[in-house]
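Participant: Following this line is query-v4.cif, made up of mmCIF, C-alpha atoms:
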```
data_run
loop_
_atom_site.group_PDB
_atom_site.id
_atom_site.type_symbol
_atom_site.label_atom_id
_atom_site.label_comp_id
_atom_site.auth_asym_id
_atom_site.auth_seq_id
_atom_site.Cartn_x
_atom_site.Cartn_y
_atom_site.Cartn_z
ATOM 1 C CA MET A 1 0.000 0.000 0.000
ATOM 2 C CA ALA A 2 3.016 2.252 -0.485
ATOM 3 C CA TYR A 3 1.247 4.009 -3.359
ATOM 4 C CA TYR A 4 -1.508 5.380 -1.061
ATOM 5 C CA PRO A 5 -0.990 8.463 1.098
ATOM 6 C CA GLU A 6 -0.289 7.404 4.704
ATOM 7 C CA PRO A 7 -3.754 8.324 6.151
ATOM 8 C CA VAL A 8 -5.512 6.388 3.353
ATOM 9 C CA ALA A 9 -3.268 3.333 3.804
ATOM 10 C CA ARG A 10 -3.817 3.491 7.587
ATOM 11 C CA LEU A 11 -7.606 3.544 7.209
ATOM 12 C CA ILE A 12 -7.559 0.654 4.708
ATOM 13 C CA GLU A 13 -5.402 -1.335 7.135
ATOM 14 C CA ALA A 14 -7.710 -0.522 10.075
ATOM 15 C CA LEU A 15 -10.861 -1.491 8.166
ATOM 16 C CA GLN A 16 -9.318 -4.843 7.183
ATOM 17 C CA ARG A 17 -9.210 -5.799 10.866
ATOM 18 C CA LEU A 18 -13.023 -5.877 10.923
ATOM 19 C CA PRO A 19 -14.633 -9.315 10.423
ATOM 20 C CA GLY A 20 -15.622 -10.046 6.845
ATOM 21 C CA ILE A 21 -13.687 -7.083 5.426
ATOM 22 C CA GLY A 22 -10.957 -8.004 2.983
ATOM 23 C CA PRO A 23 -8.484 -5.678 1.221
ATOM 24 C CA LYS A 24 -10.830 -4.775 -1.666
ATOM 25 C CA THR A 25 -13.805 -4.028 0.584
ATOM 26 C CA ALA A 26 -11.537 -1.969 2.876
ATOM 27 C CA GLN A 27 -10.358 0.063 -0.130
ATOM 28 C CA ARG A 28 -13.947 0.559 -1.347
ATOM 29 C CA LEU A 29 -15.072 1.731 2.103
ATOM 30 C CA THR A 30 -12.086 4.083 2.406
ATOM 31 C CA PHE A 31 -12.781 5.745 -0.935
ATOM 32 C CA PHE A 32 -16.496 5.912 -0.124
ATOM 33 C CA LEU A 33 -15.662 7.746 3.119
ATOM 34 C CA LEU A 34 -13.316 10.115 1.263
ATOM 35 C CA LYS A 35 -16.277 11.238 -0.886
ATOM 36 C CA ARG A 36 -18.591 11.856 2.090
ATOM 37 C CA PRO A 37 -18.910 15.245 3.794
ATOM 38 C CA VAL A 38 -16.593 15.834 6.768
ATOM 39 C CA ALA A 39 -19.593 16.143 9.135
ATOM 40 C CA GLU A 40 -20.843 12.672 8.147
ATOM 41 C CA VAL A 41 -17.421 11.061 8.654
ATOM 42 C CA ARG A 42 -16.996 12.880 11.978
ATOM 43 C CA GLU A 43 -20.408 11.561 13.065
ATOM 44 C CA LEU A 44 -19.253 8.010 12.252
ATOM 45 C CA SER A 45 -16.009 8.432 14.192
ATOM 46 C CA GLU A 46 -17.886 9.902 17.190
ATOM 47 C CA ALA A 47 -20.343 6.972 17.118
ATOM 48 C CA LEU A 48 -17.402 4.513 17.194
ATOM 49 C CA VAL A 49 -15.789 6.299 20.147
ATOM 50 C CA ALA A 50 -19.140 6.548 22.005
ATOM 51 C CA VAL A 51 -19.680 2.787 21.667
ATOM 52 C CA LYS A 52 -16.314 2.110 23.298
ATOM 53 C CA ASP A 53 -16.768 4.802 25.970
ATOM 54 C CA ARG A 54 -20.374 4.193 26.993
ATOM 55 C CA ILE A 55 -21.276 0.572 26.281
ATOM 56 C CA VAL A 56 -20.602 -2.100 28.915
ATOM 57 C CA TYR A 57 -21.747 -5.660 29.553
ATOM 58 C CA CYS A 58 -24.676 -5.991 31.926
ATOM 59 C CA GLY A 59 -23.451 -7.399 35.250
ATOM 60 C CA THR A 60 -26.438 -9.766 35.356
ATOM 61 C CA CYS A 61 -27.061 -11.117 31.839
ATOM 62 C CA PHE A 62 -23.945 -9.890 29.940
ATOM 63 C CA ASN A 63 -25.926 -8.182 27.191
ATOM 64 C CA VAL A 64 -24.462 -4.933 25.847
ATOM 65 C CA THR A 65 -25.939 -1.919 27.601
ATOM 66 C CA ASP A 66 -25.437 1.708 28.539
ATOM 67 C CA GLN A 67 -26.806 1.111 32.053
ATOM 68 C CA ASN A 68 -26.131 -1.617 34.593
ATOM 69 C CA PRO A 69 -28.238 -3.690 35.045
ATOM 70 C CA CYS A 70 -29.611 -3.465 31.496
ATOM 71 C CA ARG A 71 -33.183 -2.518 30.630
ATOM 72 C CA LEU A 72 -34.215 -6.160 30.145
ATOM 73 C CA CYS A 73 -32.893 -7.220 33.562
ATOM 74 C CA SER A 74 -34.529 -4.158 35.170
ATOM 75 C CA ASP A 75 -37.941 -4.778 33.578
ATOM 76 C CA PRO A 76 -40.309 -6.085 36.293
ATOM 77 C CA ALA A 77 -42.787 -7.253 33.609
ATOM 78 C CA ARG A 78 -40.386 -9.974 32.389
ATOM 79 C CA ASP A 79 -40.920 -13.541 33.596
ATOM 80 C CA GLY A 80 -38.142 -14.339 36.094
ATOM 81 C CA ARG A 81 -38.899 -18.085 35.920
ATOM 82 C CA LEU A 82 -37.668 -18.332 32.309
ATOM 83 C CA LEU A 83 -34.030 -17.948 31.324
ATOM 84 C CA CYS A 84 -32.936 -18.065 27.687
ATOM 85 C CA VAL A 85 -29.222 -18.752 27.162
ATOM 86 C CA VAL A 86 -27.744 -17.316 23.943
ATOM 87 C CA GLU A 87 -24.216 -17.076 22.574
ATOM 88 C CA GLU A 88 -23.970 -13.375 21.688
ATOM 89 C CA PRO A 89 -25.857 -10.085 22.241
ATOM 90 C CA ASN A 90 -27.035 -10.099 18.600
ATOM 91 C CA ASP A 91 -28.692 -13.501 19.256
ATOM 92 C CA LEU A 92 -30.575 -11.902 22.155
ATOM 93 C CA MET A 93 -31.733 -9.112 19.831
ATOM 94 C CA ALA A 94 -32.951 -11.706 17.289
ATOM 95 C CA MET A 95 -35.015 -13.391 20.028
ATOM 96 C CA GLU A 96 -36.435 -10.035 21.123
ATOM 97 C CA ARG A 97 -37.480 -9.160 17.548
ATOM 98 C CA THR A 98 -39.861 -12.134 17.543
ATOM 99 C CA GLY A 99 -41.910 -10.501 20.322
ATOM 100 C CA GLU A 100 -42.681 -14.042 21.569
ATOM 101 C CA TYR A 101 -40.288 -14.371 24.484
ATOM 102 C CA ARG A 102 -40.916 -12.448 27.716
ATOM 103 C CA GLY A 103 -38.428 -14.096 30.081
ATOM 104 C CA ARG A 104 -34.892 -13.142 31.030
ATOM 105 C CA TYR A 105 -31.590 -13.837 29.237
ATOM 106 C CA HIS A 106 -28.053 -14.984 29.846
ATOM 107 C CA VAL A 107 -25.429 -14.190 27.178
ATOM 108 C CA LEU A 108 -22.426 -16.543 27.125
ATOM 109 C CA LEU A 109 -20.306 -14.167 24.997
ATOM 110 C CA GLY A 110 -19.248 -17.005 22.718
ATOM 111 C CA ALA A 111 -19.486 -20.745 22.151
ATOM 112 C CA LEU A 112 -17.187 -23.661 22.913
ATOM 113 C CA SER A 113 -14.615 -24.012 20.157
ATOM 114 C CA PRO A 114 -11.548 -26.083 21.085
ATOM 115 C CA LEU A 115 -9.982 -25.423 17.662
ATOM 116 C CA ASP A 116 -10.042 -21.682 18.422
ATOM 117 C CA GLY A 117 -8.912 -22.243 21.999
ATOM 118 C CA ILE A 118 -12.306 -21.277 23.488
ATOM 119 C CA GLY A 119 -13.197 -23.407 26.490
ATOM 120 C CA PRO A 120 -15.805 -23.119 29.278
ATOM 121 C CA ASP A 121 -13.638 -20.675 31.239
ATOM 122 C CA ASP A 122 -13.770 -18.238 28.313
ATOM 123 C CA LEU A 123 -17.579 -18.107 28.441
ATOM 124 C CA LYS A 124 -19.973 -16.803 31.109
ATOM 125 C CA VAL A 125 -20.723 -20.336 32.361
ATOM 126 C CA ARG A 126 -19.682 -19.819 35.998
ATOM 127 C CA GLU A 127 -21.891 -16.736 36.087
ATOM 128 C CA LEU A 128 -24.800 -18.776 34.701
ATOM 129 C CA LEU A 129 -24.391 -21.404 37.421
ATOM 130 C CA ALA A 130 -24.168 -18.705 40.112
ATOM 131 C CA ARG A 131 -27.303 -17.093 38.720
ATOM 132 C CA LEU A 132 -29.265 -20.329 38.906
ATOM 133 C CA GLU A 133 -28.177 -21.107 42.469
ATOM 134 C CA GLY A 134 -31.089 -20.420 44.821
ATOM 135 C CA SER A 135 -33.070 -18.592 42.127
ATOM 136 C CA SER A 136 -36.727 -18.934 41.123
ATOM 137 C CA ILE A 137 -35.753 -19.929 37.567
ATOM 138 C CA ALA A 138 -37.849 -22.949 36.567
ATOM 139 C CA GLU A 139 -36.801 -23.365 32.911
ATOM 140 C CA VAL A 140 -33.573 -22.764 31.029
ATOM 141 C CA ILE A 141 -33.934 -22.512 27.254
ATOM 142 C CA LEU A 142 -30.701 -23.313 25.422
ATOM 143 C CA ALA A 143 -30.780 -21.120 22.325
ATOM 144 C CA THR A 144 -27.252 -21.619 21.035
ATOM 145 C CA ASN A 145 -26.681 -21.678 17.285
ATOM 146 C CA PRO A 146 -27.414 -24.887 15.340
ATOM 147 C CA ASN A 147 -23.786 -25.403 14.306
ATOM 148 C CA VAL A 148 -21.009 -27.619 15.683
ATOM 149 C CA GLU A 149 -19.908 -25.069 18.310
ATOM 150 C CA GLY A 150 -23.482 -24.230 19.354
ATOM 151 C CA GLU A 151 -24.430 -27.901 19.680
ATOM 152 C CA ALA A 152 -21.296 -28.658 21.716
ATOM 153 C CA THR A 153 -22.067 -25.693 23.987
ATOM 154 C CA ALA A 154 -25.701 -26.801 24.467
ATOM 155 C CA LEU A 155 -24.610 -30.375 25.311
ATOM 156 C CA TYR A 156 -21.998 -29.121 27.771
ATOM 157 C CA LEU A 157 -24.499 -26.803 29.480
ATOM 158 C CA ALA A 158 -27.175 -29.525 29.612
ATOM 159 C CA LYS A 159 -24.731 -31.845 31.375
ATOM 160 C CA LEU A 160 -23.864 -29.106 33.900
ATOM 161 C CA LEU A 161 -27.428 -27.916 34.494
ATOM 162 C CA ARG A 162 -29.290 -31.250 34.645
ATOM 163 C CA PRO A 163 -28.319 -31.928 38.306
ATOM 164 C CA LEU A 164 -29.770 -28.519 39.320
ATOM 165 C CA GLY A 165 -33.326 -29.752 38.751
ATOM 166 C CA VAL A 166 -34.432 -26.972 36.391
ATOM 167 C CA ARG A 167 -36.395 -27.831 33.257
ATOM 168 C CA LEU A 168 -34.007 -27.783 30.290
ATOM 169 C CA THR A 169 -35.261 -27.112 26.773
ATOM 170 C CA ARG A 170 -33.575 -26.486 23.430
ATOM 171 C CA ILE A 171 -34.998 -24.238 20.733
ATOM 172 C CA ALA A 172 -36.494 -26.218 17.860
ATOM 173 C CA ARG A 173 -34.583 -26.527 14.622
ATOM 174 C CA GLY A 174 -35.776 -27.512 11.209
ATOM 175 C CA LEU A 175 -37.146 -26.142 7.983
ATOM 176 C CA PRO A 176 -37.457 -22.408 7.415
ATOM 177 C CA VAL A 177 -40.862 -21.007 6.461
ATOM 178 C CA GLY A 178 -41.023 -20.812 2.682
ATOM 179 C CA GLY A 179 -38.352 -23.501 2.225
ATOM 180 C CA ASP A 180 -38.702 -26.538 -0.035
ATOM 181 C CA LEU A 181 -38.072 -30.077 1.236
ATOM 182 C CA GLU A 182 -36.033 -30.981 -1.829
ATOM 183 C CA TYR A 183 -33.451 -28.264 -1.008
ATOM 184 C CA ALA A 184 -33.128 -29.082 2.704
ATOM 185 C CA ASP A 185 -30.029 -30.929 3.827
ATOM 186 C CA GLN A 186 -30.222 -34.252 5.669
ATOM 187 C CA VAL A 187 -29.424 -32.809 9.124
ATOM 188 C CA THR A 188 -32.091 -30.097 8.801
ATOM 189 C CA LEU A 189 -34.713 -32.643 7.744
ATOM 190 C CA SER A 190 -33.724 -34.957 10.614
ATOM 191 C CA LYS A 191 -34.055 -32.102 13.121
ATOM 192 C CA ALA A 192 -37.427 -31.114 11.628
ATOM 193 C CA LEU A 193 -38.694 -34.669 12.085
ATOM 194 C CA GLU A 194 -37.280 -34.815 15.620
ATOM 195 C CA GLY A 195 -39.013 -31.575 16.604
ATOM 196 C CA ARG A 196 -42.425 -32.456 15.133
ATOM 197 C CA ARG A 197 -45.551 -31.825 17.232
ATOM 198 C CA GLU A 198 -49.262 -32.620 17.309
ATOM 199 C CA ILE A 199 -51.647 -30.783 14.967
ATOM 200 C CA GLY A 200 -54.970 -29.566 16.241
#
```
Let me see whether you can do it: turn the structure in this file into structure tokens.

Facilitator:
Amino acid sequence: MAYYPEPVARLIEALQRLPGIGPKTAQRLTFFLLKRPVAEVRELSEALVAVKDRIVYCGTCFNVTDQNPCRLCSDPARDGRLLCVVEEPNDLMAMERTGEYRGRYHVLLGALSPLDGIGPDDLKVRELLARLEGSSIAEVILATNPNVEGEATALYLAKLLRPLGVRLTRIARGLPVGGDLEYADQVTLSKALEGRREIG
């Protein structure tokens, strides 16, 4: 990148550190930002700094928040007997968008991944166990992702939580609405059959 002026090269390099951004996308974004008004770029940089300055993890559920405890943990209308365990804050937001779930959450801040060196001590597992101890939580919903890491995490948590006597459930997996059977893979079809329920 010797042919770019130093500030341009520095921005391209910085953008490449973001997930999913390769050299070409970083260059495109840099030149897009160069064309934008200074006020717009300043607003972006201030938003980035504000996120780092003002956002923390909730001390109870580990969701991202600007207040501790977060709004979800502080909401007395939420059902304290239900606890949904998710991998990341964006998974929590996906659950909230459904408008179906009114319980509380616990964010693990990752999933077990031995290949990446992520073990139970790297997740908020101890905090989950401490939260369940002596609580009124009656059901724990394991809503980890339906991939190898998510399944391993759910199995590990189930093994840990079973002796505590809480009801353990796993979110259903299967066919997406609007999907065709002929395009579904074998694992998805198997999970759809496994999670079938009565009609009527």

Participant: Could you work out how far CA of Leu193 in chain A lies from CA of Glu149 in chain A, giving the answer in Å with one decimal?

Facilitator: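 Interatomic distance, CA of Glu149 in chain A to CA of Leu193 in chain A: 22.0 Å.
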
Participant: Given all atoms listed in the file as the basis, pick out the residue of A:Tyr105, A:Ile12, A:Gly178, A:Pro37 nearest to Thr25 in chain A.

Facilitator: A:Ile12

Participant: Hey, which of A:Asp122, A:Leu34, A:Thr144, A:Val49 ends up closest to Glu88 in chain A? Count only C-alpha atoms.

Facilitator: A:Thr144

Participant: Go through A:Ala39, A:Leu168, A:Ala130, A:Val8 one by one, measure the shortest atom-to-atom distance of each to Cys61 in chain A using only C-alpha atoms, and give the residue with the smallest value.

Facilitator: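 Comparing A:Ala39, A:Leu168, A:Ala130, A:Val8 against Cys61 in chain A, the winner is A:Ala130.
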
Participant: Choose the residue, out of A:Lys35, A:Arg81, A:Arg197, A:Arg54, that has the smallest atom-to-atom separation from Asn68 in chain A; count only C-alpha atoms.

Facilitator: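 For Asn68 in chain A, the nearest of the given residues is A:Arg54.
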
Participant: Quick one: pull the distance between CA of Pro76 in chain A and CA of Met93 in chain A, Å, one decimal.

Facilitator: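 Atom-to-atom, CA of Pro76 in chain A and CA of Met93 in chain A are spaced 18.8 Å apart.
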
Participant: Counting all atoms listed in the file, find residues at most 8 Å from (-35.6, -25.3, 21.5) (file frame) and give them as a ChimeraX atom specification.

Facilitator: /A:141-143,169-173

Participant: Evaluate the PyMOL selection byres ((chain A and resi 102) around 12) against this structure - the residues, as an NGL selection string, please.

Facilitator: :A and (72-73 or 75-84 or 92 or 95-101 or 103-105)

Participant: If the PyMOL selection byres ((chain A and resi 27) around 10) is run on the structure shown, which residues does it catch, given as a VMD selection string?

Facilitator: chain A and resid 8 to 9 11 to 13 15 to 16 21 to 26 28 to 33

Participant: Just to confirm, what's the straight-line distance from CA of Glu133 in chain A to CA of Ala158 in chain A in Å (one decimal)?

Facilitator: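 Rounded to one decimal, the two atoms are 15.4 Å apart.
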
Participant: Select, from A:Ala50, A:Leu115, A:Ala192, A:Val85, the residue with the minimum atom-to-atom distance to Leu161 in chain A, counting all atoms listed in the file.

Facilitator: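 Checking each of A:Ala50, A:Leu115, A:Ala192, A:Val85 against Leu161 in chain A, counting all atoms listed in the file, the winner is A:Val85.
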
Participant: Could you tell me which of A:Gly165, A:Val187, A:Leu109, A:Cys58 comes closest to Ile137 in chain A if we count all atoms listed in the file?

Facilitator: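 That would be A:Gly165, the residue with the smallest distance to Ile137 in chain A.
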
Participant: Using the chain letters and numbers from this file, what does the PyMOL selection byres ((chain A and resi 112) around 6) select? Give the answer as a list in words.

Facilitator: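 Expected selection for the PyMOL selection byres ((chain A and resi 112) around 6) here is Ala111, Ser113, Ile118, Gly119, Glu149 and Thr153 of chain A.
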
Participant: Using the partial input, fill out range 141-165 of chain A with N, CA, C and O atoms; write the result as a PDB file, in the coordinates of the input.

Facilitator:
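The resulting part.pdb:
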```pdb
ATOM      1  N   ILE A 141     -33.818 -22.238  28.685  1.00  0.00           N
ATOM      2  CA  ILE A 141     -33.934 -22.512  27.254  1.00  0.00           C
ATOM      3  C   ILE A 141     -32.553 -22.335  26.631  1.00  0.00           C
ATOM      4  O   ILE A 141     -31.984 -21.239  26.688  1.00  0.00           O
ATOM      5  N   LEU A 142     -32.008 -23.402  26.076  1.00  0.00           N
ATOM      6  CA  LEU A 142     -30.701 -23.313  25.422  1.00  0.00           C
ATOM      7  C   LEU A 142     -30.924 -22.899  23.965  1.00  0.00           C
ATOM      8  O   LEU A 142     -31.434 -23.677  23.169  1.00  0.00           O
ATOM      9  N   ALA A 143     -30.554 -21.670  23.668  1.00  0.00           N
ATOM     10  CA  ALA A 143     -30.780 -21.120  22.325  1.00  0.00           C
ATOM     11  C   ALA A 143     -29.449 -20.813  21.650  1.00  0.00           C
ATOM     12  O   ALA A 143     -29.259 -19.746  21.080  1.00  0.00           O
ATOM     13  N   THR A 144     -28.524 -21.786  21.731  1.00  0.00           N
ATOM     14  CA  THR A 144     -27.252 -21.619  21.035  1.00  0.00           C
ATOM     15  C   THR A 144     -27.472 -21.930  19.554  1.00  0.00           C
ATOM     16  O   THR A 144     -28.470 -22.556  19.181  1.00  0.00           O
ATOM     17  N   ASN A 145     -26.532 -21.515  18.732  1.00  0.00           N
ATOM     18  CA  ASN A 145     -26.681 -21.678  17.285  1.00  0.00           C
ATOM     19  C   ASN A 145     -26.649 -23.146  16.870  1.00  0.00           C
ATOM     20  O   ASN A 145     -25.975 -23.957  17.508  1.00  0.00           O
ATOM     21  N   PRO A 146     -27.375 -23.494  15.796  1.00  0.00           N
ATOM     22  CA  PRO A 146     -27.414 -24.887  15.340  1.00  0.00           C
ATOM     23  C   PRO A 146     -26.214 -25.255  14.468  1.00  0.00           C
ATOM     24  O   PRO A 146     -26.350 -25.709  13.346  1.00  0.00           O
ATOM     25  N   ASN A 147     -25.013 -24.995  14.997  1.00  0.00           N
ATOM     26  CA  ASN A 147     -23.786 -25.403  14.306  1.00  0.00           C
ATOM     27  C   ASN A 147     -22.971 -26.256  15.274  1.00  0.00           C
ATOM     28  O   ASN A 147     -23.398 -26.499  16.402  1.00  0.00           O
ATOM     29  N   VAL A 148     -21.807 -26.708  14.860  1.00  0.00           N
ATOM     30  CA  VAL A 148     -21.009 -27.619  15.683  1.00  0.00           C
ATOM     31  C   VAL A 148     -20.704 -27.002  17.051  1.00  0.00           C
ATOM     32  O   VAL A 148     -20.884 -27.640  18.092  1.00  0.00           O
ATOM     33  N   GLU A 149     -20.260 -25.736  17.053  1.00  0.00           N
ATOM     34  CA  GLU A 149     -19.908 -25.069  18.310  1.00  0.00           C
ATOM     35  C   GLU A 149     -21.128 -24.877  19.200  1.00  0.00           C
ATOM     36  O   GLU A 149     -21.075 -25.107  20.410  1.00  0.00           O
ATOM     37  N   GLY A 150     -22.250 -24.453  18.595  1.00  0.00           N
ATOM     38  CA  GLY A 150     -23.482 -24.230  19.354  1.00  0.00           C
ATOM     39  C   GLY A 150     -24.025 -25.511  19.961  1.00  0.00           C
ATOM     40  O   GLY A 150     -24.489 -25.535  21.101  1.00  0.00           O
ATOM     41  N   GLU A 151     -23.961 -26.603  19.188  1.00  0.00           N
ATOM     42  CA  GLU A 151     -24.430 -27.901  19.680  1.00  0.00           C
ATOM     43  C   GLU A 151     -23.540 -28.390  20.822  1.00  0.00           C
ATOM     44  O   GLU A 151     -24.037 -28.892  21.833  1.00  0.00           O
ATOM     45  N   ALA A 152     -22.231 -28.242  20.666  1.00  0.00           N
ATOM     46  CA  ALA A 152     -21.296 -28.658  21.716  1.00  0.00           C
ATOM     47  C   ALA A 152     -21.547 -27.858  22.991  1.00  0.00           C
ATOM     48  O   ALA A 152     -21.536 -28.411  24.098  1.00  0.00           O
ATOM     49  N   THR A 153     -21.804 -26.563  22.837  1.00  0.00           N
ATOM     50  CA  THR A 153     -22.067 -25.693  23.987  1.00  0.00           C
ATOM     51  C   THR A 153     -23.358 -26.112  24.681  1.00  0.00           C
ATOM     52  O   THR A 153     -23.406 -26.206  25.914  1.00  0.00           O
ATOM     53  N   ALA A 154     -24.411 -26.384  23.901  1.00  0.00           N
ATOM     54  CA  ALA A 154     -25.701 -26.801  24.467  1.00  0.00           C
ATOM     55  C   ALA A 154     -25.556 -28.125  25.220  1.00  0.00           C
ATOM     56  O   ALA A 154     -26.090 -28.276  26.321  1.00  0.00           O
ATOM     57  N   LEU A 155     -24.817 -29.082  24.648  1.00  0.00           N
ATOM     58  CA  LEU A 155     -24.610 -30.375  25.311  1.00  0.00           C
ATOM     59  C   LEU A 155     -23.830 -30.214  26.616  1.00  0.00           C
ATOM     60  O   LEU A 155     -24.162 -30.812  27.638  1.00  0.00           O
ATOM     61  N   TYR A 156     -22.808 -29.379  26.572  1.00  0.00           N
ATOM     62  CA  TYR A 156     -21.998 -29.121  27.771  1.00  0.00           C
ATOM     63  C   TYR A 156     -22.856 -28.480  28.869  1.00  0.00           C
ATOM     64  O   TYR A 156     -22.815 -28.908  30.033  1.00  0.00           O
ATOM     65  N   LEU A 157     -23.643 -27.480  28.497  1.00  0.00           N
ATOM     66  CA  LEU A 157     -24.499 -26.803  29.480  1.00  0.00           C
ATOM     67  C   LEU A 157     -25.559 -27.748  30.036  1.00  0.00           C
ATOM     68  O   LEU A 157     -25.837 -27.738  31.236  1.00  0.00           O
ATOM     69  N   ALA A 158     -26.144 -28.577  29.167  1.00  0.00           N
ATOM     70  CA  ALA A 158     -27.175 -29.525  29.612  1.00  0.00           C
ATOM     71  C   ALA A 158     -26.602 -30.468  30.668  1.00  0.00           C
ATOM     72  O   ALA A 158     -27.240 -30.730  31.688  1.00  0.00           O
ATOM     73  N   LYS A 159     -25.387 -30.940  30.432  1.00  0.00           N
ATOM     74  CA  LYS A 159     -24.731 -31.845  31.375  1.00  0.00           C
ATOM     75  C   LYS A 159     -24.500 -31.147  32.722  1.00  0.00           C
ATOM     76  O   LYS A 159     -24.696 -31.731  33.782  1.00  0.00           O
ATOM     77  N   LEU A 160     -24.113 -29.874  32.673  1.00  0.00           N
ATOM     78  CA  LEU A 160     -23.864 -29.106  33.900  1.00  0.00           C
ATOM     79  C   LEU A 160     -25.155 -28.764  34.651  1.00  0.00           C
ATOM     80  O   LEU A 160     -25.175 -28.759  35.877  1.00  0.00           O
ATOM     81  N   LEU A 161     -26.204 -28.434  33.884  1.00  0.00           N
ATOM     82  CA  LEU A 161     -27.428 -27.916  34.494  1.00  0.00           C
ATOM     83  C   LEU A 161     -28.412 -28.997  34.935  1.00  0.00           C
ATOM     84  O   LEU A 161     -29.228 -28.764  35.818  1.00  0.00           O
ATOM     85  N   ARG A 162     -28.349 -30.171  34.321  1.00  0.00           N
ATOM     86  CA  ARG A 162     -29.290 -31.250  34.645  1.00  0.00           C
ATOM     87  C   ARG A 162     -29.382 -31.534  36.150  1.00  0.00           C
ATOM     88  O   ARG A 162     -30.472 -31.616  36.698  1.00  0.00           O
ATOM     89  N   PRO A 163     -28.247 -31.641  36.862  1.00  0.00           N
ATOM     90  CA  PRO A 163     -28.319 -31.928  38.306  1.00  0.00           C
ATOM     91  C   PRO A 163     -29.006 -30.824  39.132  1.00  0.00           C
ATOM     92  O   PRO A 163     -29.381 -31.053  40.271  1.00  0.00           O
ATOM     93  N   LEU A 164     -29.175 -29.627  38.564  1.00  0.00           N
ATOM     94  CA  LEU A 164     -29.770 -28.519  39.320  1.00  0.00           C
ATOM     95  C   LEU A 164     -31.289 -28.621  39.422  1.00  0.00           C
ATOM     96  O   LEU A 164     -31.915 -27.861  40.163  1.00  0.00           O
ATOM     97  N   GLY A 165     -31.881 -29.527  38.656  1.00  0.00           N
ATOM     98  CA  GLY A 165     -33.326 -29.752  38.751  1.00  0.00           C
ATOM     99  C   GLY A 165     -34.197 -28.742  38.026  1.00  0.00           C
ATOM    100  O   GLY A 165     -35.406 -28.741  38.207  1.00  0.00           O
TER     101      GLY A 165
END
```
